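Notes follow the structure.
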Amino acid sequence: MSDEENSEMVATSDSSAPPTQHLLEYSGEAKAFGWLVFKNTLLTIITLGFYRFWAKTRLRKYIWGNQSVFGEKLEYTGTGKELFLGFLVVLAVLVPLAIIFNVVSFYIQTKGGVAAILIFQLAYVILFVFLYGYAVLRARRY
């Protein structure tokens, strides 16, 4: 191959190269984002905070939908209902546990010694670790 043919091949391959894609790219507009934040804030205030789960979902869908990785758009598939139900589960489990913990802790402090307090606090930490594992399992989508 001559030098002339070699230089033609280099010139041809450079001009036909695809445009460089960025690793991360955001295509959202500040005006649309601001309007979304305003609507979410207004609806959250009007509903006394109950709309915040759906507001968070809409915000995540907007941000994820306007981001791309190597040209592939991201998609947020969560719903406000799922966030709200998760919140209710946390209330149903943690509020009674906190009440029980405070009542038993008060009783142990008045009647028991230091060893009883340490054993009770250790049991509480073990229960928390178990509940954390349960929460991680529930957070997965199958």
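Going by the structure tokens order, chains are called A, B, ..., each with residues numbered from 1, while ligands are numbered from 1 in the order shown.
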Worksheet entry | Contacts of A:Glu25 at 7 Å (only C-alpha atoms; same-chain gap of 4+ positions) as a list in words |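 Counting only C-alpha atoms, the residues come to Gln67, Ser68 and Val69 of chain A.
Closest to A:Lys39 among A:Ala123, A:Arg58, A:Phe53, A:Leu97 is A:Arg58, based on only C-alpha atoms.
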Legend entry - Contacts of A:Leu74 within 12 Å, only C-alpha atoms, excl. fewer than 5 positions in-chain, as a list in words: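 Returned residues: Leu24, Glu25, Tyr26, Ser27, Arg60, Lys61, Tyr62, Ile63, Trp64, Gly65, Asn66, Gln67, Ser68 and Val69 of chain A.
The gap separating atom CA of A:Leu131 from atom CA of A:Ile108 is 23.7 Å, in Å to one decimal.
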TODO: Going by DSSP on the backbone, which bits of chain A are alpha helix (DSSP H)? Write them as a PyMOL selection string, please.
DONE: chain A and resi 3-15+30-46+52-65+80-111+114-139
Requested in this report: For stretch 77-93 of chain A, work out the shell of residues within 12 Å, counting only C-alpha atoms and skipping chain neighbours fewer than 6 positions away, then give it as an MDAnalysis selection string.
Outcome: chainID A and resid 49:62 64:65 99:100 127:128 131:132 134:136 138:141
Output the selection as a PDB file, in the first residue's frame - C-alpha atoms for each residue.
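The file below, result.pdb, is the result:
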```pdb
ATOM      1  CA  GLY A  49     -47.916  16.898  53.406  1.00  0.00           C
ATOM      2  CA  PHE A  50     -49.739  13.843  52.054  1.00  0.00           C
ATOM      3  CA  TYR A  51     -48.813  14.677  48.460  1.00  0.00           C
ATOM      4  CA  ARG A  52     -45.093  14.537  49.195  1.00  0.00           C
ATOM      5  CA  PHE A  53     -44.834  10.880  48.167  1.00  0.00           C
ATOM      6  CA  TRP A  54     -46.297  11.602  44.733  1.00  0.00           C
ATOM      7  CA  ALA A  55     -44.271  14.821  44.492  1.00  0.00           C
ATOM      8  CA  LYS A  56     -41.073  12.899  45.144  1.00  0.00           C
ATOM      9  CA  THR A  57     -42.079  10.371  42.471  1.00  0.00           C
ATOM     10  CA  ARG A  58     -42.791  13.067  39.870  1.00  0.00           C
ATOM     11  CA  LEU A  59     -39.502  14.783  40.663  1.00  0.00           C
ATOM     12  CA  ARG A  60     -37.539  11.535  40.358  1.00  0.00           C
ATOM     13  CA  LYS A  61     -39.286  10.657  37.072  1.00  0.00           C
ATOM     14  CA  TYR A  62     -38.405  14.075  35.638  1.00  0.00           C
ATOM     15  CA  TRP A  64     -34.204  10.344  35.698  1.00  0.00           C
ATOM     16  CA  GLY A  65     -36.102  10.805  32.421  1.00  0.00           C
ATOM     17  CA  ILE A  99     -43.680   3.003  72.626  1.00  0.00           C
ATOM     18  CA  ILE A 100     -42.844  -0.466  73.958  1.00  0.00           C
ATOM     19  CA  LEU A 127     -34.454  -6.314  66.453  1.00  0.00           C
ATOM     20  CA  PHE A 128     -33.462  -3.178  64.519  1.00  0.00           C
ATOM     21  CA  LEU A 131     -36.051  -5.071  60.592  1.00  0.00           C
ATOM     22  CA  TYR A 132     -33.403  -3.431  58.422  1.00  0.00           C
ATOM     23  CA  TYR A 134     -36.652  -7.018  56.120  1.00  0.00           C
ATOM     24  CA  ALA A 135     -36.832  -3.467  54.751  1.00  0.00           C
ATOM     25  CA  VAL A 136     -34.069  -4.157  52.238  1.00  0.00           C
ATOM     26  CA  ARG A 138     -39.183  -5.380  50.646  1.00  0.00           C
ATOM     27  CA  ALA A 139     -37.438  -2.643  48.678  1.00  0.00           C
ATOM     28  CA  ARG A 140     -36.432  -5.030  45.895  1.00  0.00           C
ATOM     29  CA  ARG A 141     -38.589  -5.501  42.827  1.00  0.00           C
TER      30      ARG A 141
END
```
Enumerate as a ChimeraX atom specification all residues of stretch 5-142 of chain A assigned to strand (DSSP E or B) by DSSP on the backbone, naming them with the chain letters and numbers the document uses.
/A:24-26,67-69,72-73
Resulting file, chosen residues, C-alpha atoms, as a short mmCIF file (atom, residue, chain, number, x, y, z; two decimals), in the first residue's frame:
```cif
data_model
loop_
_atom_site.label_atom_id
_atom_site.label_comp_id
_atom_site.auth_asym_id
_atom_site.auth_seq_id
_atom_site.Cartn_x
_atom_site.Cartn_y
_atom_site.Cartn_z
CA LEU A 24 -23.57 11.23 31.57
CA GLU A 25 -25.83 13.74 29.89
CA TYR A 26 -28.70 15.82 31.29
CA GLN A 67 -30.58 11.84 32.19
CA SER A 68 -28.85 9.47 29.86
CA VAL A 69 -25.84 7.20 30.19
CA GLU A 72 -29.56 5.52 26.91
CA LYS A 73 -32.31 7.35 28.83
#
```
From atom CA of A:Pro96 to atom CA of A:Gln121 the spacing works out at 16.1 Å
- Would you please work out which residue, of A:Ile45, A:Phe70, A:Phe38, A:Ser105, is nearest to A:Ile119 when using only C-alpha atoms?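 Smallest separation from A:Ile119 among the options: A:Ser105.
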| message | Report, in Å with one decimal, the straight-line distance from atom CA of A:Ile126 to atom CA of A:Asn102. | response |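 Distance between the two atoms: 16.5 Å.
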